[in-house]
>>> print(open('structure26.tsv').read())   # TSV, C-alpha atoms
chain	number	residue	atom	x	y	z
A	290	MET	CA	-55.67	-16.81	-58.99
A	291	SER	CA	-57.22	-20.22	-58.72
A	292	SER	CA	-57.15	-21.90	-55.34
A	293	LYS	CA	-56.96	-25.34	-56.92
A	294	GLU	CA	-54.07	-27.58	-55.93
A	295	LYS	CA	-51.22	-27.71	-58.36
A	296	PRO	CA	-51.04	-30.96	-60.28
A	297	THR	CA	-48.48	-33.59	-59.19
A	298	LEU	CA	-47.00	-36.55	-61.01
A	299	GLY	CA	-48.95	-39.70	-60.21
A	300	GLY	CA	-47.13	-42.42	-58.36
A	301	THR	CA	-44.25	-40.28	-57.11
A	302	ARG	CA	-43.06	-40.81	-53.55
A	303	ILE	CA	-41.84	-38.14	-51.24
A	304	LYS	CA	-38.47	-39.31	-49.87
A	305	THR	CA	-38.37	-38.97	-46.10
A	306	ARG	CA	-35.62	-39.85	-43.72
A	307	LYS	CA	-36.22	-42.77	-41.43
A	308	ARG	CA	-34.16	-41.12	-38.74
A	309	ASN	CA	-33.29	-37.58	-37.83
A	310	ILE	CA	-29.64	-37.73	-38.83
A	311	ALA	CA	-28.26	-35.26	-41.33
A	312	VAL	CA	-26.83	-36.96	-44.39
A	313	PRO	CA	-23.04	-36.41	-44.09
A	314	LEU	CA	-21.34	-34.64	-46.96
A	315	ASP	CA	-17.74	-35.19	-45.84
A	316	THR	CA	-15.64	-37.71	-43.90
A	317	ALA	CA	-15.65	-35.79	-40.61
A	318	THR	CA	-19.42	-35.29	-40.64
A	319	PHE	CA	-19.95	-38.98	-41.48
A	320	ALA	CA	-17.67	-40.05	-38.61
A	321	ASP	CA	-19.45	-37.72	-36.18
A	322	ALA	CA	-22.80	-39.21	-37.22
A	323	VAL	CA	-21.59	-42.77	-36.49
A	324	VAL	CA	-20.03	-41.69	-33.18
A	325	GLN	CA	-23.32	-40.03	-32.26
A	326	ILE	CA	-25.19	-43.31	-32.80
A	327	TYR	CA	-22.66	-45.20	-30.65
A	328	ASN	CA	-22.83	-42.68	-27.81
A	329	GLU	CA	-26.61	-42.39	-27.86
A	330	HIS	CA	-26.97	-46.13	-27.35
A	331	LYS	CA	-23.96	-46.46	-25.01
A	332	GLY	CA	-22.37	-49.17	-27.13
A	333	ASP	CA	-25.48	-51.40	-27.38
A	334	LEU	CA	-24.62	-53.05	-30.72
A	335	GLU	CA	-28.15	-54.29	-31.39
A	336	LEU	CA	-29.60	-50.79	-31.13
A	337	ILE	CA	-26.65	-49.33	-33.02
A	338	ALA	CA	-27.23	-51.78	-35.90
A	339	LYS	CA	-30.90	-50.75	-36.10
A	340	ASP	CA	-30.05	-47.06	-36.22
A	341	VAL	CA	-27.30	-47.60	-38.77
A	342	ASP	CA	-29.72	-49.50	-40.99
A	343	SER	CA	-32.42	-46.84	-40.70
A	344	SER	CA	-30.05	-43.97	-41.46
A	345	GLU	CA	-28.98	-42.64	-44.84
A	346	LEU	CA	-25.27	-42.95	-44.17
A	347	ASP	CA	-23.30	-43.24	-47.41
A	348	PHE	CA	-21.33	-46.44	-46.85
A	349	SER	CA	-20.27	-46.67	-50.47
A	350	ARG	CA	-18.32	-43.43	-50.09
A	351	TYR	CA	-17.32	-43.51	-46.42
A	352	GLY	CA	-17.09	-47.23	-45.67
A	353	GLU	CA	-13.46	-47.05	-44.52
A	354	THR	CA	-14.33	-44.30	-42.07
A	355	PHE	CA	-17.13	-46.45	-40.65
A	356	PHE	CA	-14.79	-49.37	-39.94
A	357	GLU	CA	-12.17	-47.05	-38.44
A	358	VAL	CA	-14.78	-45.68	-36.01
A	359	VAL	CA	-15.81	-49.26	-35.10
A	360	PHE	CA	-12.22	-50.31	-34.42
A	361	THR	CA	-10.66	-47.21	-32.91
A	362	GLY	CA	-13.62	-45.06	-31.85
A	363	GLU	CA	-12.61	-42.26	-34.22
A	364	PRO	CA	-11.69	-41.71	-37.88
A	365	ASN	CA	-8.10	-41.83	-39.11
A	366	GLN	CA	-6.28	-39.43	-41.34
A	367	PRO	CA	-6.63	-40.55	-44.98
A	368	GLY	CA	-4.39	-43.52	-45.80
A	369	THR	CA	-2.88	-43.67	-42.29
A	370	THR	CA	-3.61	-45.00	-38.82
A	371	LYS	CA	-3.20	-41.58	-37.21
A	372	PRO	CA	-6.38	-40.30	-35.53
A	373	GLU	CA	-8.26	-37.45	-37.15
A	374	GLU	CA	-9.67	-34.61	-35.07
A	375	GLY	CA	-13.32	-34.99	-34.20
A	376	GLU	CA	-15.79	-36.76	-31.96
A	377	ARG	CA	-15.00	-40.21	-30.57
A	378	HIS	CA	-16.74	-42.96	-28.60
A	379	PRO	CA	-15.43	-45.35	-25.90
A	380	TYR	CA	-17.05	-48.55	-27.22
A	381	SER	CA	-14.50	-49.46	-29.90
A	382	VAL	CA	-12.69	-52.78	-30.39
A	383	LEU	CA	-9.58	-51.18	-28.92
A	384	ASN	CA	-11.46	-50.52	-25.69
A	385	CYS	CA	-12.82	-54.06	-25.41
A	386	ASP	CA	-11.33	-56.53	-22.98
A	387	ASP	CA	-8.69	-58.86	-24.41
A	388	THR	CA	-11.12	-61.77	-24.59
A	389	ARG	CA	-13.03	-63.58	-27.30
A	390	GLU	CA	-16.27	-63.01	-25.40
A	391	SER	CA	-15.83	-59.23	-25.56
A	392	ILE	CA	-14.82	-59.05	-29.21
A	393	LEU	CA	-17.14	-61.66	-30.75
A	394	PRO	CA	-20.25	-59.39	-30.49
A	395	VAL	CA	-18.45	-56.79	-32.64
A	396	VAL	CA	-17.80	-59.43	-35.30
A	397	LEU	CA	-21.46	-60.44	-35.30
A	398	PHE	CA	-22.44	-56.76	-35.53
A	399	LEU	CA	-20.24	-56.28	-38.59
A	400	GLN	CA	-21.59	-59.50	-40.09
A	401	LYS	CA	-25.09	-58.00	-39.89
A	402	ILE	CA	-24.00	-54.67	-41.40
A	403	ILE	CA	-22.04	-56.24	-44.26
A	404	ARG	CA	-24.68	-58.85	-45.06
A	405	ARG	CA	-26.94	-56.02	-46.20
A	406	ARG	CA	-24.07	-54.25	-47.99
A	407	PRO	CA	-21.80	-56.88	-49.60
A	408	PHE	CA	-19.75	-54.19	-51.35
A	409	MET	CA	-18.27	-53.29	-47.95
A	410	ILE	CA	-16.22	-56.49	-47.63
A	411	LYS	CA	-13.48	-55.07	-49.86
A	412	THR	CA	-13.46	-51.90	-47.79
A	413	LEU	CA	-13.05	-53.97	-44.63
A	414	GLU	CA	-10.11	-55.80	-46.22
A	415	ASN	CA	-8.34	-52.52	-46.94
A	416	VAL	CA	-8.86	-51.19	-43.41
A	417	MET	CA	-7.72	-54.42	-41.77
A	418	LYS	CA	-4.57	-54.58	-43.88
A	419	ARG	CA	-3.68	-51.05	-42.87
A	420	LEU	CA	-4.37	-51.65	-39.18
A	421	LEU	CA	-2.40	-54.91	-39.12
A	422	GLN	CA	0.60	-53.33	-40.79
A	423	SER	CA	0.62	-50.77	-37.97
A	424	LEU	CA	1.10	-53.47	-35.32
A	425	SER	CA	4.84	-52.87	-35.10
A	426	LYS	CA	4.25	-49.23	-34.15
A	427	GLY	CA	1.80	-50.08	-31.39
A	428	ALA	CA	-0.30	-47.09	-32.46
A	429	ILE	CA	-3.52	-48.92	-33.20
A	430	TRP	CA	-3.15	-51.99	-31.02
A	431	PRO	CA	-1.43	-50.47	-27.97
A	432	ARG	CA	-1.58	-53.69	-25.93
A	433	GLY	CA	0.05	-55.77	-28.64
A	434	SER	CA	-1.48	-58.16	-31.11
A	435	GLN	CA	-3.87	-59.98	-28.76
A	436	LYS	CA	-7.01	-58.00	-29.61
A	437	ALA	CA	-6.16	-58.18	-33.29
A	438	GLY	CA	-5.73	-61.95	-32.97
A	439	HIS	CA	-9.01	-62.37	-31.11
A	440	PHE	CA	-10.84	-60.26	-33.68
A	441	HIS	CA	-9.49	-62.12	-36.70
A	442	GLY	CA	-9.90	-65.53	-35.09
A	443	SER	CA	-13.56	-64.66	-34.60
A	444	THR	CA	-13.98	-63.26	-38.12
A	445	PHE	CA	-12.62	-66.48	-39.62
A	446	SER	CA	-14.69	-68.60	-37.24
A	447	GLN	CA	-17.88	-66.74	-38.13
A	448	LYS	CA	-16.94	-66.66	-41.82
A	449	LEU	CA	-17.41	-62.90	-41.84
A	450	SER	CA	-19.06	-62.45	-45.24
A	451	GLY	CA	-16.22	-64.23	-46.96
A	452	LEU	CA	-13.34	-62.11	-45.60
A	453	PRO	CA	-10.41	-63.80	-47.43
A	454	PRO	CA	-7.77	-65.20	-45.04
A	455	GLU	CA	-5.11	-64.78	-47.72
A	456	THR	CA	-5.59	-61.00	-47.54
A	457	ILE	CA	-5.01	-60.93	-43.80
A	458	PHE	CA	-2.04	-63.27	-43.70
A	459	SER	CA	-0.31	-61.61	-46.65
A	460	ALA	CA	-0.49	-58.27	-44.81
A	461	LEU	CA	1.47	-59.83	-41.95
A	462	MET	CA	4.37	-61.19	-43.99
A	463	SER	CA	6.60	-58.25	-43.17
A	464	ASP	CA	10.18	-58.80	-42.04
A	465	ALA	CA	9.80	-56.15	-39.33
A	466	LEU	CA	6.64	-57.70	-37.87
A	467	ILE	CA	8.08	-61.22	-38.02
A	468	ALA	CA	11.43	-60.22	-36.49
A	469	LYS	CA	9.71	-58.68	-33.46
A	470	GLY	CA	7.67	-61.84	-32.87
A	471	ILE	CA	4.43	-59.89	-33.38
A	472	VAL	CA	3.20	-62.11	-36.24
A	473	LEU	CA	3.84	-65.32	-34.31
A	474	TYR	CA	1.79	-64.23	-31.30
A	475	PHE	CA	-0.91	-62.76	-33.53
A	476	VAL	CA	-1.46	-66.06	-35.38
A	477	THR	CA	-1.24	-67.97	-32.09
A	478	ASP	CA	-4.20	-65.94	-30.77
A	479	VAL	CA	-6.02	-66.43	-34.08
A	480	PHE	CA	-5.57	-70.22	-33.82
A	481	LYS	CA	-6.73	-70.31	-30.19
A	482	VAL	CA	-9.91	-68.36	-30.88
A	483	TYR	CA	-10.66	-70.15	-34.13
A	484	LEU	CA	-10.37	-73.60	-32.56
A	485	VAL	CA	-12.99	-72.77	-29.93
A	486	GLU	CA	-15.75	-73.43	-32.47
A	487	ASN	CA	-13.90	-75.17	-35.30
A	488	SER	CA	-11.99	-78.40	-35.85
A	489	LEU	CA	-8.35	-78.84	-36.78
A	490	ASP	CA	-9.46	-79.93	-40.25
A	491	ASP	CA	-11.19	-76.56	-40.57
A	492	LEU	CA	-7.98	-74.81	-39.53
A	493	VAL	CA	-6.00	-76.74	-42.12
A	494	SER	CA	-8.48	-75.68	-44.80
A	495	LEU	CA	-8.23	-72.07	-43.63
A	496	LEU	CA	-4.43	-72.14	-43.84
A	497	LYS	CA	-4.56	-73.68	-47.30
A	498	ARG	CA	-6.88	-70.93	-48.49
A	499	ALA	CA	-4.41	-68.41	-47.06
A	500	LYS	CA	-1.55	-70.30	-48.78
A	501	MET	CA	0.06	-70.65	-45.35
A	502	ASP	CA	-0.29	-74.41	-44.78
A	503	ASP	CA	3.39	-75.03	-45.60
A	504	ARG	CA	4.74	-71.70	-44.35
A	505	LEU	CA	4.11	-71.81	-40.61
A	506	LEU	CA	7.84	-71.77	-39.86
A	507	ASP	CA	8.09	-68.50	-41.82
A	508	LEU	CA	6.04	-66.86	-39.06
A	509	PHE	CA	8.90	-67.37	-36.58
A	510	PRO	CA	11.74	-64.84	-36.20
A	511	MET	CA	14.80	-66.03	-38.12
A	512	GLN	CA	16.76	-67.01	-35.00
A	513	LYS	CA	13.88	-69.23	-33.84
A	514	ARG	CA	12.99	-70.75	-37.19
A	515	SER	CA	13.47	-74.42	-36.34
A	516	ILE	CA	11.32	-77.47	-35.79
A	517	GLU	CA	12.33	-77.52	-32.13
A	518	ALA	CA	11.23	-73.90	-31.62
A	519	PHE	CA	7.97	-74.64	-33.47
A	520	ALA	CA	7.16	-77.53	-31.14
A	521	GLU	CA	8.23	-75.65	-28.00
A	522	HIS	CA	6.18	-72.55	-28.81
A	523	PHE	CA	2.89	-74.28	-29.64
A	524	ASP	CA	3.25	-76.73	-26.75
A	525	LYS	CA	3.70	-73.81	-24.37
A	526	GLU	CA	0.61	-72.08	-25.82
A	527	GLY	CA	-1.52	-75.18	-25.38
A	528	LEU	CA	-1.56	-75.87	-29.11
A	529	GLY	CA	0.75	-78.86	-29.23
A	530	VAL	CA	-1.90	-80.63	-31.27
A	531	LEU	CA	-0.85	-78.46	-34.23
A	532	ARG	CA	2.29	-80.53	-34.72
A	533	ARG	CA	0.59	-83.91	-34.68
A	534	LYS	CA	0.62	-85.26	-38.20
A	535	GLU	CA	-2.81	-86.88	-37.82
A	536	ALA	CA	-4.37	-83.57	-36.88
A	537	MET	CA	-2.53	-80.81	-38.67
A	538	LEU	CA	-1.67	-81.85	-42.22
A	539	PRO	CA	-1.98	-84.83	-44.53
A	540	ASP	CA	1.04	-87.12	-44.09
A	541	VAL	CA	2.58	-86.15	-47.40
A	542	ASP	CA	2.43	-82.44	-46.50
A	543	VAL	CA	4.01	-83.09	-43.12
A	544	VAL	CA	6.97	-84.87	-44.72
A	545	ARG	CA	7.44	-82.11	-47.28
A	546	THR	CA	7.19	-79.39	-44.63
A	547	ILE	CA	9.79	-81.09	-42.42
A	548	TRP	CA	12.18	-81.56	-45.34
A	549	ASP	CA	11.82	-77.90	-46.40
A	550	ALA	CA	12.37	-76.77	-42.82
A	551	ILE	CA	15.55	-78.87	-42.53
A	552	MET	CA	17.00	-77.26	-45.65
A	553	ASP	CA	15.86	-73.77	-44.71
A	554	ALA	CA	17.75	-74.06	-41.44
A	555	VAL	CA	21.11	-74.61	-43.16
A	556	GLN	CA	23.44	-71.64	-42.66
A	557	TRP	CA	24.99	-71.56	-46.14
A	558	SER	CA	28.60	-70.40	-46.41
A	559	GLY	CA	29.00	-68.26	-49.50
A	560	LYS	CA	30.81	-69.99	-52.37
A	561	ASN	CA	32.55	-72.65	-50.28
A	562	GLN	CA	30.89	-75.70	-51.88
A	563	GLN	CA	32.54	-78.28	-49.65
A	564	GLN	CA	31.53	-76.44	-46.50
A	565	ASN	CA	27.97	-76.06	-47.82
A	566	SER	CA	27.81	-79.80	-48.49
A	567	ASN	CA	29.01	-80.59	-44.98
A	568	LEU	CA	26.49	-78.19	-43.42
A	569	ALA	CA	23.59	-79.65	-45.41
A	570	LEU	CA	24.55	-83.25	-44.60
A	571	ARG	CA	24.91	-82.36	-40.94
A	572	GLN	CA	21.32	-81.06	-40.94
A	573	VAL	CA	20.04	-84.19	-42.68
A	574	LYS	CA	21.79	-86.45	-40.19
A	575	GLN	CA	20.63	-84.38	-37.22
A	576	TRP	CA	16.94	-84.37	-38.23
A	577	GLY	CA	16.72	-87.58	-40.22
A	578	LYS	CA	15.03	-89.47	-37.41
A	579	LEU	CA	12.27	-86.85	-37.29
A	580	LEU	CA	11.61	-87.49	-40.99
A	581	GLY	CA	11.61	-91.21	-40.26
A	582	ALA	CA	8.89	-90.77	-37.63
A	583	PHE	CA	6.54	-89.49	-40.34
A	584	CYS	CA	7.78	-91.45	-43.37
A	585	THR	CA	5.81	-94.55	-42.45
A	586	THR	CA	4.83	-95.92	-45.87
A	587	ALA	CA	6.56	-96.65	-49.17
A	588	ARG	CA	4.45	-93.98	-50.85
A	589	LEU	CA	5.65	-91.33	-48.39
A	590	GLU	CA	9.25	-92.44	-48.83
A	591	MET	CA	8.92	-92.12	-52.60
A	592	ASP	CA	7.36	-88.68	-52.27
A	593	LEU	CA	10.26	-87.64	-50.04
A	594	MET	CA	12.74	-88.80	-52.70
A	595	TYR	CA	10.91	-86.78	-55.34
A	596	ASN	CA	10.93	-83.75	-53.05
A	597	ILE	CA	14.67	-84.10	-52.44
A	598	GLN	CA	15.23	-84.49	-56.19
A	599	ILE	CA	13.33	-81.27	-56.94
A	600	HIS	CA	15.11	-79.41	-54.12
A	601	CYS	CA	18.53	-80.47	-55.42
A	602	TYR	CA	17.50	-79.61	-58.99
A	603	GLU	CA	16.42	-76.09	-58.01
A	604	ASP	CA	19.44	-75.35	-55.79
A	605	ALA	CA	22.81	-75.59	-57.54
A	606	LYS	CA	24.57	-76.00	-54.18
A	607	LEU	CA	22.83	-79.36	-53.71
A	608	MET	CA	23.06	-80.87	-57.21
A	609	LYS	CA	26.05	-83.09	-56.41
A	610	LEU	CA	24.85	-83.80	-52.89
A	611	PHE	CA	21.80	-85.86	-53.88
A	612	PRO	CA	23.42	-89.34	-53.52
A	613	ASP	CA	24.96	-88.42	-50.15
A	614	ILE	CA	21.59	-87.25	-48.81
A	615	ILE	CA	19.86	-90.44	-49.98
A	616	ARG	CA	22.58	-92.59	-48.43
A	617	ALA	CA	22.36	-90.69	-45.12
A	618	LEU	CA	18.59	-91.20	-44.98
A	619	TYR	CA	19.03	-94.89	-45.84
A	620	ASN	CA	21.49	-95.29	-42.98
A	621	GLN	CA	18.92	-93.74	-40.61
A	622	ASP	CA	16.16	-96.08	-41.83
A	623	VAL	CA	14.17	-93.20	-43.31
A	624	LEU	CA	14.36	-94.58	-46.87
A	625	ALA	CA	14.05	-98.30	-47.50
A	626	GLU	CA	16.16	-100.16	-50.03
A	627	ASP	CA	13.09	-101.07	-52.09
A	628	THR	CA	12.07	-97.40	-52.35
A	629	ILE	CA	15.52	-96.34	-53.54
A	630	LEU	CA	15.69	-99.12	-56.13
A	631	LYS	CA	12.18	-98.35	-57.40
A	632	TRP	CA	13.03	-94.67	-57.79
A	633	PHE	CA	16.29	-95.60	-59.55
A	634	LYS	CA	14.57	-97.90	-62.06
A	635	LYS	CA	11.11	-96.38	-62.52
A	636	GLY	CA	11.09	-92.88	-61.05
A	637	THR	CA	8.82	-90.58	-63.05
A	638	ASN	CA	9.95	-87.07	-62.10
A	639	PRO	CA	11.95	-85.81	-65.13
A	640	LYS	CA	13.83	-82.90	-63.51
A	641	SER	CA	17.52	-83.76	-64.19
A	642	ARG	CA	16.58	-87.36	-63.54
A	643	GLN	CA	19.45	-88.82	-65.56
A	644	THR	CA	21.98	-86.68	-63.68
A	645	PHE	CA	20.66	-87.87	-60.33
A	646	VAL	CA	20.42	-91.49	-61.51
A	647	LYS	CA	24.04	-91.42	-62.60
A	648	GLY	CA	25.12	-89.90	-59.28
A	649	LEU	CA	23.22	-92.54	-57.31
A	650	GLU	CA	24.44	-95.46	-59.44
A	651	PRO	CA	27.42	-96.46	-57.23
A	652	PHE	CA	25.22	-96.59	-54.13
A	653	VAL	CA	22.53	-98.60	-55.94
A	654	LYS	CA	25.19	-101.01	-57.19
A	655	TRP	CA	26.38	-101.45	-53.61
A	656	LEU	CA	22.80	-102.13	-52.48
A	657	GLU	CA	22.27	-104.76	-55.17
A	658	GLU	CA	25.57	-106.47	-54.41
A	659	ALA	CA	24.79	-106.53	-50.69
A	660	GLU	CA	21.40	-108.06	-51.47
A	661	GLU	CA	23.00	-110.80	-53.60
A	662	GLU	CA	25.44	-111.65	-50.82
A	663	ASP	CA	22.57	-111.98	-48.34
>>> encode(input="structure26.tsv", output="structure tokens")
Amino acid sequence: MSSKEKPTLGGTRIKTRKRNIAVPLDTATFADAVVQIYNEHKGDLELIAKDVDSSELDFSRYGETFFEVVFTGEPNQPGTTKPEEGERHPYSVLNCDDTRESILPVVLFLQKIIRRRPFMIKTLENVMKRLLQSLSKGAIWPRGSQKAGHFHGSTFSQKLSGLPPETIFSALMSDALIAKGIVLYFVTDVFKVYLVENSLDDLVSLLKRAKMDDRLLDLFPMQKRSIEAFAEHFDKEGLGVLRRKEAMLPDVDVVRTIWDAIMDAVQWSGKNQQQNSNLALRQVKQWGKLLGAFCTTARLEMDLMYNIQIHCYEDAKLMKLFPDIIRALYNQDVLAEDTILKWFKKGTNPKSRQTFVKGLEPFVKWLEEAEEED
């Protein structure tokens, strides 16, 4: 036998592990490996990030387990928020203090991990949706929604690798979560944390991306879904600035939101058309002055008329009520005579326009006659 070395392929590299961690072959082993890193470094996120990066952990296969261990300190049973048996660590988000200062470092840690593995952002979305939907059970967030709010406010503030706000807010639009007031206090905490480093214009943009800019009242439990409750809640939470038209929304969006809220608050009475008409008019008369406070230009008045026209067109209960609503708003100085006449003669929105024009004709005739007498 020759003692010569056996030939090898030129240029081949022997793959060696950068760290002495066994490559996990199942969820439990993967979770234990992550927990081991956390415990070894006693929660020092900078050292944990270095070890995670130098390991051969299979994030493409076990990414959800990784995020579960970050948030709860242990893995969950597949597709649930129930803890799985295995090792755990005490440095999770759930064990942080209920403060932005405690939770922000975790967000920055995840930013670093995901920046090197962009494919994990979708995995994070899935985990967050599942955890948020468990809020009503109190299983994952035992001290309520505050930690969840602080975490998400920080993720949006830091623009965590493009985590879509629409994904997070859509997961919250559950009747059960809204009815218990959990969603309202969650988004309140999100707003507070987000506004620490961002402007109100930034918040408006965030809400528009989430398709929530005109749905803030929907976050309130049904019995509190009113403009008064909206103002009272955010004033109490130190966020009264949210309801200032200059800060929160463009003027036209404010007017539309107020009008939609007025109509949403009507307690419709089955098939009794006359009673429905009376209830709707009562709402308009009660809140007309609030509309007037924001309808400060002819353009905004015209946009309000178009919005009322569309609302009446889409809701059969209101079709015949259009002229009465316009007259009520005229009497409260919300709509000027010139705006009404311009809409009557040159309005461009085609939705049942002729029907509404015909219904408004007697009132317009009265306006023109009154003008001639003056």
>>> closest_residue(input="structure26.tsv", among="A:Asn596, A:Gln621, A:Thr412, A:Gln563", to="Leu579 in chain A", atoms="all atoms listed in the file")
A:Gln621
>>> closest_residue(input="structure26.tsv", among="A:Phe458, A:Phe348, A:Phe440, A:Phe611", to="Lys481 in chain A", atoms="all atoms listed in the file")
A:Phe440
>>> closest_residue(input="structure26.tsv", among="A:Ala617, A:Ala499, A:Ala550, A:Leu593", to="Val573 in chain A", atoms="all atoms listed in the file")
A:Ala617
>>> residues_around(input="structure26.tsv", residues="Glu363 in chain A", least_positions_apart="2", cutoff="9 Å", atoms="all atoms listed in the file", output="PyMOL selection string")
chain A and resi 320-321+324+354-355+357-361+365+372-378+381
>>> closest_residue(input="structure26.tsv", among="A:Tyr595, A:Phe480, A:Phe445, A:Trp557", to="Lys635 in chain A", atoms="only C-alpha atoms")
A:Tyr595
>>> closest_residue(input="structure26.tsv", among="A:Thr585, A:Pro510, A:Ile614, A:Glu345", to="Leu568 in chain A", atoms="all atoms listed in the file")
A:Ile614
>>> residues_around(input="structure26.tsv", residues="Gly470 in chain A", least_positions_apart="4", cutoff="8 Å", atoms="all atoms listed in the file", output="tab-separated table (two decimals) with C-alpha atoms, in the coordinates of the input")
chain	number	residue	atom	x	y	z
A	466	LEU	CA	6.64	-57.70	-37.87
A	474	TYR	CA	1.79	-64.23	-31.30
A	509	PHE	CA	8.90	-67.37	-36.58
A	510	PRO	CA	11.74	-64.84	-36.20
